[in-house]
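Asker: Pasting a structure here, questions to come.
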Amino acid sequence: MRLYINVDHIATVRQARRTDEPDPVAAAQLCEAAGAHGITAHLREDRRHMQDDDLIRLSASVKTVLNIELALASEIVDLVCRLKPYQATFVPERREEITTEGGLDLSRRDERLAVAIRKVQAAGVHVSLFIDPSAASIRASADLGVPAVELHTGRYAHTWREGGEALEHLRSAAVFARQLGLAVHAGHGLTYLNVEPVAAIEEIEELNIGHSIVSRAVMTGMVEAVGEMGRLIAAARRLP
């Protein structure tokens with residue numbers, strides 16, 4: 001099981017002030033040092049968190065593998081083809097959403113998506129599609145010729161306390177995807193409280209987790225951060 005850390009929310013905090021900290025590239029380096037198997041970053045068309053330069057710097061600095069999430073904006077597809085990350089995951093985007101709320105709609109063949117997939121694959125990049133855990137979406141993904149899918153775990157994340165239906169749905173979807181020869185990834189809304197049942201699904205080989213880890217890092221690192229600032233201030237007051 002591989003763990004990829006999504007560093008988007010590091011950039012979200014930075015963009016609140018339009019400053020240079022916290023730096024998602026530095027955060028990615030810490031994630032790798034802590035044992036992450038890969039780094040995920042979503043360059044949205046509205047650039048609400050990650051910026052083009054972040055992706056350029058991540059591409060140059062990530063030592064494990066880089067997974068870039070993107071929609072169909074042509075300039076972002078072109079950037080991914082130029083940077084050639086290990087993996088590109090196509091996701092849906094809506095301007096009004098706070099975060100990605102569901103998988104790609106593959107109910108009708110979108111020629112733009114097919115063209116983008118071919119273009120990114122021609123650049124030597126592995127392609128994954130972020131989809132709802134449904135048989136129809138999995139079949140459509142296989143028909144598009146991608147090697148992997150990422151199952152949207154949002155329904156499970158919202159209902160895991162209420163019973164196991166959503167978990168069984170995920171498990172069945174993962175089994176079906178493997179039967180069709182697809183590599184199976186999963187992500188969205190996974191936390192320290194609900195991740196273990198999903199991680200136990202044998203067919204899932206990669207989890208993408210961001211918000212919960214960034215949130216925990218803020219809390220677990222707060223004591224050291226406050227202490228270091230206090231020490232700097234105290235040292236400054238002792239200067240002649």
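Every chain in the structure tokens has a letter given in the order shown (A, B, ...), and although residue numbers restart at 1 in each chain, ligands are simply numbered from 1 in the order shown.
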Excluding Leu3 of chain A and its own-chain neighbours fewer than 4 positions away, which residues fall within 8 Å of it when counting only C-alpha atoms? Please give them as an MDAnalysis selection string.

Answerer: chainID A and resid 36:38 206:209

Asker: Could you turn the residues from that selection into a file that holds C-alpha atoms, as an mmCIF file, in the first residue's frame?

Answerer:
```
data_model
loop_
_atom_site.group_PDB
_atom_site.id
_atom_site.type_symbol
_atom_site.label_atom_id
_atom_site.label_comp_id
_atom_site.auth_asym_id
_atom_site.auth_seq_id
_atom_site.Cartn_x
_atom_site.Cartn_y
_atom_site.Cartn_z
ATOM 1 C CA ALA A 36 5.578 9.136 2.048
ATOM 2 C CA HIS A 37 5.708 7.103 -1.136
ATOM 3 C CA GLY A 38 4.680 10.024 -3.334
ATOM 4 C CA GLU A 206 -2.471 3.608 -3.277
ATOM 5 C CA LEU A 207 -4.156 6.155 -0.998
ATOM 6 C CA ASN A 208 -4.081 9.919 -1.589
ATOM 7 C CA ILE A 209 -4.577 11.858 1.645
#
```

Asker: Per DSSP on the backbone, filter segment 57-191 of chain A down to the residues in strand (DSSP E) and report them as a PyMOL selection string.

Answerer: chain A and resi 66-70+87-90+126-131+148-152+183-187

Asker: Keeping C-alpha atoms, export the residues of the selection given above as a PDB file, in the first residue's frame.

Answerer:
```
ATOM      1  CA  LEU A  66       4.877  13.205  -8.287  1.00  0.00           C
ATOM      2  CA  ASN A  67       1.174  12.796  -9.056  1.00  0.00           C
ATOM      3  CA  ILE A  68      -0.382  15.909 -10.610  1.00  0.00           C
ATOM      4  CA  GLU A  69      -4.162  16.228 -10.474  1.00  0.00           C
ATOM      5  CA  LEU A  70      -5.698  18.220 -13.303  1.00  0.00           C
ATOM      6  CA  GLN A  87       1.466  10.187 -12.798  1.00  0.00           C
ATOM      7  CA  ALA A  88      -1.360  12.505 -13.831  1.00  0.00           C
ATOM      8  CA  THR A  89      -4.838  12.050 -12.385  1.00  0.00           C
ATOM      9  CA  PHE A  90      -7.712  13.629 -14.252  1.00  0.00           C
ATOM     10  CA  HIS A 126       0.951   7.256 -16.262  1.00  0.00           C
ATOM     11  CA  VAL A 127      -2.712   8.305 -16.283  1.00  0.00           C
ATOM     12  CA  SER A 128      -5.342   7.703 -13.621  1.00  0.00           C
ATOM     13  CA  LEU A 129      -8.980   8.816 -13.592  1.00  0.00           C
ATOM     14  CA  PHE A 130     -10.719  10.006 -10.413  1.00  0.00           C
ATOM     15  CA  ILE A 131     -14.096   8.274 -10.516  1.00  0.00           C
ATOM     16  CA  ALA A 148      -5.417   3.114 -13.201  1.00  0.00           C
ATOM     17  CA  VAL A 149      -8.423   4.606 -11.454  1.00  0.00           C
ATOM     18  CA  GLU A 150      -8.736   6.470  -8.178  1.00  0.00           C
ATOM     19  CA  LEU A 151     -11.970   5.647  -6.383  1.00  0.00           C
ATOM     20  CA  HIS A 152     -13.713   8.621  -4.784  1.00  0.00           C
ATOM     21  CA  ALA A 183      -4.611  -0.467 -10.823  1.00  0.00           C
ATOM     22  CA  VAL A 184      -6.800   0.813  -7.985  1.00  0.00           C
ATOM     23  CA  HIS A 185      -6.142   3.973  -5.989  1.00  0.00           C
ATOM     24  CA  ALA A 186      -8.478   5.725  -3.542  1.00  0.00           C
ATOM     25  CA  GLY A 187      -8.896   9.046  -1.810  1.00  0.00           C
TER      26      GLY A 187
END
```

Asker: Find the spatial neighbours of segment 11-23 of chain A, counting only C-alpha atoms, within a cut-off of 7 Å - ignore same-chain residues fewer than 4 positions away - and output them as a list in words.

Answerer: Ala27, His49 and Met50 of chain A

Asker: Excluding same-chain residues fewer than 5 positions from Leu167 of chain A, what lies within 8 Å of it counting only C-alpha atoms, as a ChimeraX atom specification?

Answerer: /A:156,160,197-198

Asker: Which neighbours of Ile39 of chain A fall inside 8 Å, counting only C-alpha atoms, when residues of the same chain fewer than 3 positions from it are skipped, and could you give them as a ChimeraX atom specification?

Answerer: /A:4-7,28,31-32,36,62,64-67

Asker: Just give me the gap between atom CA of Ser74 of chain A and atom CA of Leu113 of chain A in Å, one decimal is fine.

Answerer: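 For atom CA of Ser74 of chain A relative to atom CA of Leu113 of chain A, the distance reads 10.8 Å.
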
Asker: From segment 27-160 of chain A, collect each residue whose DSSP state is alpha helix (DSSP H) and return the set as a PyMOL selection string.

Answerer: chain A and resi 27-33+52-61+74-83+111-122+135-143+154-159

Asker: Let me make sure I understand: among A:Ser141, A:Ser61, A:Ser212, A:Ser172, which one has the smallest atom-to-atom distance to Ala26 of chain A if we use only C-alpha atoms?

Answerer: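 Nearest candidate to Ala26 of chain A out of A:Ser141, A:Ser61, A:Ser212, A:Ser172: A:Ser61.
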
Asker: In Å, rounded to a single decimal, give me how far atom CA of Leu182 of chain A is from atom CA of Gly154 of chain A.

Answerer: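 Between atom CA of Gly154 of chain A and atom CA of Leu182 of chain A the gap works out to 20.5 Å.
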
Asker: So that I can check the surroundings of segment 51-57 of chain A, please list as JSON, numbers by chain every protein, DNA and RNA residue that reaches within 9 Å of it, counting only C-alpha atoms and ignoring chain neighbours fewer than 3 positions away.

Answerer: {"A": [11, 23, 24, 25, 41, 42, 43, 44, 47, 48, 60, 61, 62, 68, 76, 79, 80, 83]}

Asker: Just give me the gap between atom CA of Leu232 of chain A and atom CA of Ser215 of chain A in Å, one decimal is fine.

Answerer: 25.3 Å

Asker: Name the residues in contact with His211 of chain A at a cut-off of 9 Å, using only C-alpha atoms, excluding same-chain residues fewer than 4 positions from it; report them as number ranges by chain.

Answerer: A: 6-9, 188-191, 215-216
